[in-house]
Amino acid sequence: MNISGCAGLLRGLACVFAAFAGLSAAIAEAAPRAAELGAEMRAAETAGGFVGKLSVTPRHAPAGTPVAVSGEGLPPDHDFDLVWRTVKGRWKVTSAEYFGREFTPVAYRIVSVKSDKSGRIAASFVAPEDFGFEHDIVVQQGARLLTQTAFNLDMTVKLAADTGPLGSPISFEVKGIGWRELEDSWVVLYDNKFTGFISVVTTGGTAHFTLPATGNVGLHIVEIQHSDFGSPYRNTQQSPVPDRPVFRLGFTVTSGAAVLPPPPEQQAQGRVRSLPPAGELVATPPFAGVGQPVTVKGSGFEPGKSYKVHWATFVGNRMTGRGWDDVSRDLAEAKADAAGQVEFHFGMPDDLGGTHTVWVATGAGDAKRTGSVWIAPTALPLDVGRGPVGTTFRVHLKGVGWSETANIYTLVYDNATSGYACAFNSQGDIEIIMPATGAPGWHFVDLYPAIYKGKETRPNNYRMPQLTYADDHPGEDLPAFHFAFEITAEGRGPVGQ
C-alpha cells in the first residue's frame, strides 16, 4: 500500500507531485489501516537534539489523501525510516468491573528512504485510516529520532444512502475519531434529540452504526458532535477547543411501506466473540438463549455411576449493602456409560447472561470437573403491537448480564434516548412497561448495550446508548434489539394504567 519517494531524490518533490496526478483518484477509496503502512517500529528518541527539518503537504486531510513528505538538513547518503506514530486502544475491564480506556503508543514504517548528497529526502504515502487529529511523522535511524513533523487526520462522516421509507436503516461511517480527551467521545442527535454515543477504542478511529429512519415524510437532520460529559455539548464553538468539527447530515424519509425490524427470534446472536475456554466439561452449543436446549459432555468418569451437574450463578445487586453471592444449584443428572462418558441435557436456565460455570463432583473432597456455558441475551415479542396513543406495551428481554458492562440496556424511542433498565436484581430479566406516543403510524423502539458504571471519569459515557456496540463494546459481545409499534388513529389508549 506504500507509495515510495523518487528513486534518486535528485528531482525532489517534483516527481512526487507528478505521481499524485495519476494516483489520487484510485487512492481516495483505498486508504490503508495504520498497521498496513508497514512494519511495526521500535520507539525512537532524540540523541543530542533534533537533526534536520521535516515538512508535510498537506498538513491535514482525511484518510485516503495523498501526502508528500520532504526533509532537509539530514546526514547525506544515509538510510532512514519514515515512521507514522499512533496508538493501539483497548478497554480496561475485568469479569465484573469497568475501568476505562487505555491507549499504548505504537509506530509503523511508512517507507525507507535514503538522503541525497545534500541531505534531502522526499517520499509520499496515503494518509491511513486511523485515529483522528494529530499524529507525528518522524525520521528515525534505528532507535534514534532525528526529526519530526505533525499531520492532522481529519474526521469524515458518510451515509450509505440519504433517502428511504420509514424504518429504513441509516448506515453511518465515521472515520478519524480521536483518542485523546476532547477528541474521543462523539454523540449523535436525530432531529435535535439525543440518540447515543459512538466509540472507536478497538477500531482504530473508525465507527460504523445504523439508526432507523423515524419521523414524518420529509427531511430529517442528524448531528454528530463531541461531548465528554454524558450529554450533548451544544455550544462547542465557544468551548476551549472550538475548532472541533460538528457534522450535520440530512436524511429524507420517503413515502411507501415502512421497513420493520425482523421478529425477535431472528435478532438472536449468531456468534459470540468473547466466549471463555470450554474446560473439561464441554457445552453444545457453547452459547444459547434462555430455555434453549443445551448438552454438556464430559469424560473420565466412573462407568455406570450417576452424577449431577451443578450450575453456578450470582444472586444480588449493586444498590444495597448486601451485595451479591456466588451460589450453585443442581441442574441435571446422568449416568456415565461404559467408556466413562456422561451427557447432561437441560434447557438453558432463566438466569443472568454471560459466563456460568458448570461443575461435577468426581469424588471425595473438592475434586471436580468444570466447564463454561454462556447465556446470550434474547428478546420476546412485544405483548401489544398496535393501538392508539397511550396504549401500554411491554418490552421483555431475557439473559441480560450482571457485570458493569452488561447489566443494563438503554432504550431509544424514535431515535430519542428514553432511559435504561437493569437486569442484575431481576436475575437477567428485563421488562420495560411504556406508553405508545407520537402521531399515527409506525414508531421504533431500540435497545442498545451500554456501560453502567466504572472508574473512568472522562469521558462520562455511562448509561448512554452505545451505538457502536457491535464493533467496540467493552467486555462482553452483546446484541441490540429492535421493535416497532403502530399507533392507530382511533381513540385513546388507557392512560394511567
# chains A, B, ... in the order shown; residues from 1 in each chain; ligands from 1
>>> residues_around(residues="A:Gly256", least_positions_apart="4", cutoff="9 Å", atoms="only C-alpha atoms", output="VMD selection string")
chain A and resid 164 to 166
>>> write_last_selection(atoms="C-alpha atoms", output="short mmCIF file (atom, residue, chain, number, x, y, z; two decimals), in the first residue's frame")
data_model
loop_
_atom_site.label_atom_id
_atom_site.label_comp_id
_atom_site.auth_asym_id
_atom_site.auth_seq_id
_atom_site.Cartn_x
_atom_site.Cartn_y
_atom_site.Cartn_z
CA GLY A 164 -35.67 5.82 2.20
CA PRO A 165 -39.06 4.99 3.69
CA LEU A 166 -39.86 5.00 7.39
#
>>> residues_around(residues="A:Gly132", least_positions_apart="5", cutoff="7 Å", atoms="only C-alpha atoms", output="list in words")
Leu153, Asp154, Met155, Gly176, Ile177, Gly178 and Gly205 of chain A
>>> write_last_selection(atoms="C-alpha atoms", output="JSON list (two decimals), in the first residue's frame")
[["chain", "number", "residue", "atom", "x", "y", "z"],
["A", 153, "LEU", "CA", -6.03, 13.34, 10.24],
["A", 154, "ASP", "CA", -9.42, 14.92, 9.61],
["A", 155, "MET", "CA", -12.74, 13.38, 10.61],
["A", 176, "GLY", "CA", -10.87, 9.86, 12.10],
["A", 177, "ILE", "CA", -12.34, 9.96, 15.61],
["A", 178, "GLY", "CA", -9.56, 10.76, 18.05],
["A", 205, "GLY", "CA", -10.72, 5.64, 14.84]]
>>> closest_atom_pairs(of="stretch 172-243 of chain A", to="stretch 97-105 of chain A", cutoff="10 Å", atoms="only C-alpha atoms", output="Markdown table")
| residue | atom | partner | partner_atom | distance |
| --- | --- | --- | --- | --- |
| A:Trp179 | CA | A:Phe103 | CA | 7.7 |
| A:Arg180 | CA | A:Phe103 | CA | 9.0 |
| A:Val201 | CA | A:Arg101 | CA | 7.1 |
| A:Thr202 | CA | A:Arg101 | CA | 9.6 |
>>> residues_around(residues="A:Ile408", least_positions_apart="6", cutoff="12 Å", atoms="only C-alpha atoms", output="JSON, numbers by chain")
{"A": [352, 353, 377, 397, 398, 399, 400, 401, 402, 419, 420, 421, 422, 423, 424, 425, 426, 427, 428, 429, 430, 431, 432, 447, 448, 449, 450, 451, 452, 453, 462, 463, 464, 465, 466, 478, 480]}
>>> write_last_selection(atoms="C-alpha atoms", output="compact mmCIF listing (two decimals), in the first residue's frame")
# COMPACT_ATOMS: atom_id res chain seq x y z
CA LEU A 352 -28.19 -13.78 34.24
CA GLY A 353 -26.44 -13.51 30.90
CA PRO A 377 -29.48 -12.14 25.73
CA LEU A 397 -35.59 -9.34 27.47
CA LYS A 398 -34.08 -12.49 28.96
CA GLY A 399 -30.49 -13.41 29.78
CA VAL A 400 -29.15 -9.90 30.35
CA GLY A 401 -25.86 -9.85 32.24
CA TRP A 402 -24.62 -8.67 35.63
CA GLY A 419 -33.57 5.78 29.87
CA TYR A 420 -32.17 2.40 30.87
CA ALA A 421 -33.20 -0.85 32.52
CA CYS A 422 -31.10 -3.05 34.82
CA ALA A 423 -31.16 -6.86 34.97
CA PHE A 424 -28.94 -7.79 37.94
CA ASN A 425 -31.54 -7.76 40.72
CA SER A 426 -34.11 -9.48 38.48
CA GLN A 427 -31.69 -12.28 37.61
CA GLY A 428 -31.28 -11.40 33.92
CA ASP A 429 -34.91 -10.49 33.24
CA ILE A 430 -35.79 -7.01 31.93
CA GLU A 431 -39.38 -5.86 31.48
CA ILE A 432 -40.00 -2.27 30.36
CA LEU A 447 -32.45 -1.34 22.95
CA TYR A 448 -28.66 -0.89 22.94
CA PRO A 449 -25.96 -2.23 25.27
CA ALA A 450 -24.27 0.37 27.44
CA ILE A 451 -21.77 0.84 30.27
CA TYR A 452 -23.50 1.03 33.65
CA LYS A 453 -20.71 2.43 35.85
CA TYR A 462 -22.29 5.84 31.42
CA ARG A 463 -25.92 4.76 30.97
CA MET A 464 -25.94 6.10 27.41
CA PRO A 465 -26.85 4.01 24.34
CA GLN A 466 -23.63 2.77 22.70
CA LEU A 478 -23.72 -8.21 23.11
CA ALA A 480 -29.06 -4.84 20.25
>>> residues_around(residues="stretch 181-195 of chain A", least_positions_apart="6", cutoff="7 Å", atoms="only C-alpha atoms", output="number ranges by chain")
A: 220-228, 232, 412, 415-417, 459
>>> select_by_dssp(residues="stretch 310-435 of chain A", states="strand (DSSP E or B)", output="mmCIF file with C-alpha atoms, in the first residue's frame")
data_model
loop_
_atom_site.group_PDB
_atom_site.id
_atom_site.type_symbol
_atom_site.label_atom_id
_atom_site.label_comp_id
_atom_site.auth_asym_id
_atom_site.auth_seq_id
_atom_site.Cartn_x
_atom_site.Cartn_y
_atom_site.Cartn_z
ATOM 1 C CA HIS A 310 -24.207 -28.089 39.113
ATOM 2 C CA TRP A 311 -24.911 -24.546 37.861
ATOM 3 C CA ALA A 312 -23.071 -21.542 39.357
ATOM 4 C CA THR A 313 -24.517 -18.030 39.280
ATOM 5 C CA PHE A 314 -24.682 -14.740 41.178
ATOM 6 C CA VAL A 315 -27.632 -13.524 43.204
ATOM 7 C CA GLY A 316 -27.966 -9.952 44.492
ATOM 8 C CA TRP A 324 -24.284 -10.378 45.866
ATOM 9 C CA ASP A 325 -23.435 -14.021 46.496
ATOM 10 C CA ASP A 326 -21.931 -16.775 44.363
ATOM 11 C CA VAL A 327 -24.365 -19.705 44.578
ATOM 12 C CA SER A 328 -24.714 -23.123 42.929
ATOM 13 C CA ARG A 329 -27.616 -25.481 42.377
ATOM 14 C CA ASP A 330 -28.227 -28.904 40.850
ATOM 15 C CA LEU A 331 -29.117 -28.689 37.202
ATOM 16 C CA ALA A 332 -29.334 -32.212 35.744
ATOM 17 C CA GLU A 333 -28.371 -35.810 36.495
ATOM 18 C CA ALA A 334 -26.986 -38.536 34.197
ATOM 19 C CA LYS A 335 -25.181 -41.884 34.372
ATOM 20 C CA VAL A 342 -21.509 -38.681 30.573
ATOM 21 C CA GLU A 343 -24.014 -36.349 28.910
ATOM 22 C CA PHE A 344 -26.261 -33.895 30.720
ATOM 23 C CA HIS A 345 -29.272 -32.469 28.891
ATOM 24 C CA PHE A 346 -31.162 -29.392 30.098
ATOM 25 C CA GLY A 347 -32.821 -26.196 28.968
ATOM 26 C CA GLY A 354 -22.766 -14.202 30.283
ATOM 27 C CA THR A 355 -20.499 -16.949 31.559
ATOM 28 C CA HIS A 356 -21.702 -19.563 34.050
ATOM 29 C CA THR A 357 -19.548 -22.326 35.468
ATOM 30 C CA VAL A 358 -20.929 -25.861 35.363
ATOM 31 C CA TRP A 359 -19.265 -28.466 37.531
ATOM 32 C CA VAL A 360 -19.462 -32.110 38.529
ATOM 33 C CA ALA A 361 -18.076 -33.518 41.768
ATOM 34 C CA LYS A 368 -14.498 -31.684 40.396
ATOM 35 C CA ARG A 369 -14.541 -31.230 36.651
ATOM 36 C CA THR A 370 -15.657 -27.846 35.344
ATOM 37 C CA GLY A 371 -16.783 -26.163 32.161
ATOM 38 C CA SER A 372 -18.426 -22.947 30.974
ATOM 39 C CA VAL A 373 -21.811 -22.128 29.483
ATOM 40 C CA TRP A 374 -22.710 -18.717 28.071
ATOM 41 C CA ILE A 375 -26.214 -17.266 28.231
ATOM 42 C CA THR A 378 -32.710 -12.698 23.816
ATOM 43 C CA ALA A 379 -35.898 -10.722 23.269
ATOM 44 C CA ARG A 386 -50.563 -1.656 17.821
ATOM 45 C CA GLY A 387 -53.127 0.678 19.366
ATOM 46 C CA THR A 392 -49.307 0.355 27.205
ATOM 47 C CA PHE A 393 -46.926 -2.237 25.802
ATOM 48 C CA ARG A 394 -44.099 -4.264 27.274
ATOM 49 C CA VAL A 395 -40.542 -4.823 26.070
ATOM 50 C CA HIS A 396 -39.201 -8.054 27.539
ATOM 51 C CA LEU A 397 -35.594 -9.337 27.470
ATOM 52 C CA LYS A 398 -34.076 -12.488 28.960
ATOM 53 C CA ILE A 408 -28.169 -2.667 31.588
ATOM 54 C CA TYR A 409 -29.853 -1.999 28.268
ATOM 55 C CA THR A 410 -30.657 1.551 27.194
ATOM 56 C CA LEU A 411 -33.950 2.331 25.486
ATOM 57 C CA VAL A 412 -34.299 4.613 22.461
ATOM 58 C CA TYR A 413 -37.765 5.618 21.175
ATOM 59 C CA ALA A 416 -34.503 9.678 21.295
ATOM 60 C CA THR A 417 -32.856 8.294 24.430
ATOM 61 C CA SER A 418 -35.515 7.229 26.942
ATOM 62 C CA GLY A 419 -33.573 5.785 29.874
ATOM 63 C CA TYR A 420 -32.166 2.403 30.866
ATOM 64 C CA ALA A 421 -33.204 -0.850 32.522
ATOM 65 C CA CYS A 422 -31.096 -3.053 34.819
ATOM 66 C CA ILE A 430 -35.791 -7.006 31.928
ATOM 67 C CA GLU A 431 -39.381 -5.859 31.482
ATOM 68 C CA ILE A 432 -39.999 -2.271 30.360
ATOM 69 C CA ILE A 433 -43.605 -1.039 30.542
ATOM 70 C CA MET A 434 -44.191 2.052 28.436
ATOM 71 C CA PRO A 435 -46.962 4.042 26.726
#
>>> atom_distance(atom1="atom CA of A:Arg273", atom2="atom CA of A:Ala406")
14.5 Å
>>> closest_residue(among="A:Pro349, A:Gly38, A:Pro212, A:Gly438", to="A:Arg109", atoms="only C-alpha atoms")
A:Gly38
>>> closest_residue(among="A:Leu467, A:Arg33, A:Leu211, A:Pro62", to="A:Ala161", atoms="only C-alpha atoms")
A:Leu211
>>> atom_distance(atom1="atom CA of A:Pro169", atom2="atom CA of A:Thr214")
9.8 Å
>>> closest_residue(among="A:Ser274, A:Thr391, A:Asn317, A:Gln269", to="A:Pro479", atoms="only C-alpha atoms")
A:Gln269
>>> residues_around(residues="A:Pro261", least_positions_apart="3", cutoff="7 Å", atoms="only C-alpha atoms", output="list in words")
His482, Phe483 and Ala484 of chain A
>>> closest_residue(among="A:Thr149, A:Ser299, A:Thr65, A:Ser112", to="A:Arg85", atoms="only C-alpha atoms")
A:Thr149
>>> residues_around(residues="A:Gln341", least_positions_apart="4", cutoff="6 Å", atoms="only C-alpha atoms", output="list of chain:residue names")
A:Gly298, A:Ser299, A:Ala336, A:Asp337
>>> write_last_selection(atoms="C-alpha atoms", output="PDB file, in the first residue's frame")
ATOM      1  CA  GLY A 298     -17.533 -34.964  29.954  1.00  0.00           C
ATOM      2  CA  SER A 299     -15.251 -37.997  30.094  1.00  0.00           C
ATOM      3  CA  ALA A 336     -21.731 -42.428  32.892  1.00  0.00           C
ATOM      4  CA  ASP A 337     -21.606 -45.005  30.113  1.00  0.00           C
TER       5      ASP A 337
END
>>> closest_residue(among="A:Val69, A:Ser95, A:Met348, A:Ile170", to="A:Val294", atoms="only C-alpha atoms")
A:Met348
>>> decode(residues="stretch 469-483 of chain A", atoms="N, CA and C atoms", output="compact mmCIF listing (two decimals), in the first residue's frame")
# COMPACT_ATOMS: atom_id res chain seq x y z
N TYR A 469 -21.95 -0.58 19.61
CA TYR A 469 -21.84 -1.79 20.43
C TYR A 469 -21.32 -2.99 19.64
N ALA A 470 -21.68 -3.11 18.35
CA ALA A 470 -21.37 -4.33 17.59
C ALA A 470 -19.87 -4.51 17.39
N ASP A 471 -19.14 -3.41 17.23
CA ASP A 471 -17.71 -3.49 16.95
C ASP A 471 -16.83 -3.14 18.14
N ASP A 472 -17.38 -2.42 19.14
CA ASP A 472 -16.47 -1.80 20.10
C ASP A 472 -16.99 -1.81 21.54
N HIS A 473 -17.90 -2.71 21.87
CA HIS A 473 -18.39 -2.73 23.25
C HIS A 473 -17.32 -3.30 24.18
N PRO A 474 -17.10 -2.69 25.35
CA PRO A 474 -16.10 -3.24 26.27
C PRO A 474 -16.61 -4.53 26.91
N GLY A 475 -15.71 -5.46 27.11
CA GLY A 475 -16.10 -6.70 27.79
C GLY A 475 -16.88 -7.63 26.89
N GLU A 476 -18.14 -7.83 27.21
CA GLU A 476 -18.96 -8.85 26.54
C GLU A 476 -19.33 -8.44 25.11
N ASP A 477 -19.54 -9.45 24.29
CA ASP A 477 -20.06 -9.26 22.94
C ASP A 477 -21.58 -9.38 23.04
N LEU A 478 -22.29 -8.26 22.84
CA LEU A 478 -23.72 -8.21 23.11
C LEU A 478 -24.50 -7.73 21.89
N PRO A 479 -25.75 -8.16 21.75
CA PRO A 479 -26.59 -7.70 20.64
C PRO A 479 -27.42 -6.48 21.04
N ALA A 480 -27.99 -5.81 20.04
CA ALA A 480 -29.06 -4.84 20.25
C ALA A 480 -30.37 -5.49 19.82
N PHE A 481 -31.48 -4.88 20.22
CA PHE A 481 -32.80 -5.41 19.85
C PHE A 481 -33.67 -4.27 19.34
N HIS A 482 -34.50 -4.61 18.36
CA HIS A 482 -35.28 -3.58 17.66
C HIS A 482 -36.73 -4.02 17.53
N PHE A 483 -37.64 -3.07 17.80
CA PHE A 483 -39.08 -3.33 17.74
C PHE A 483 -39.78 -2.17 17.03
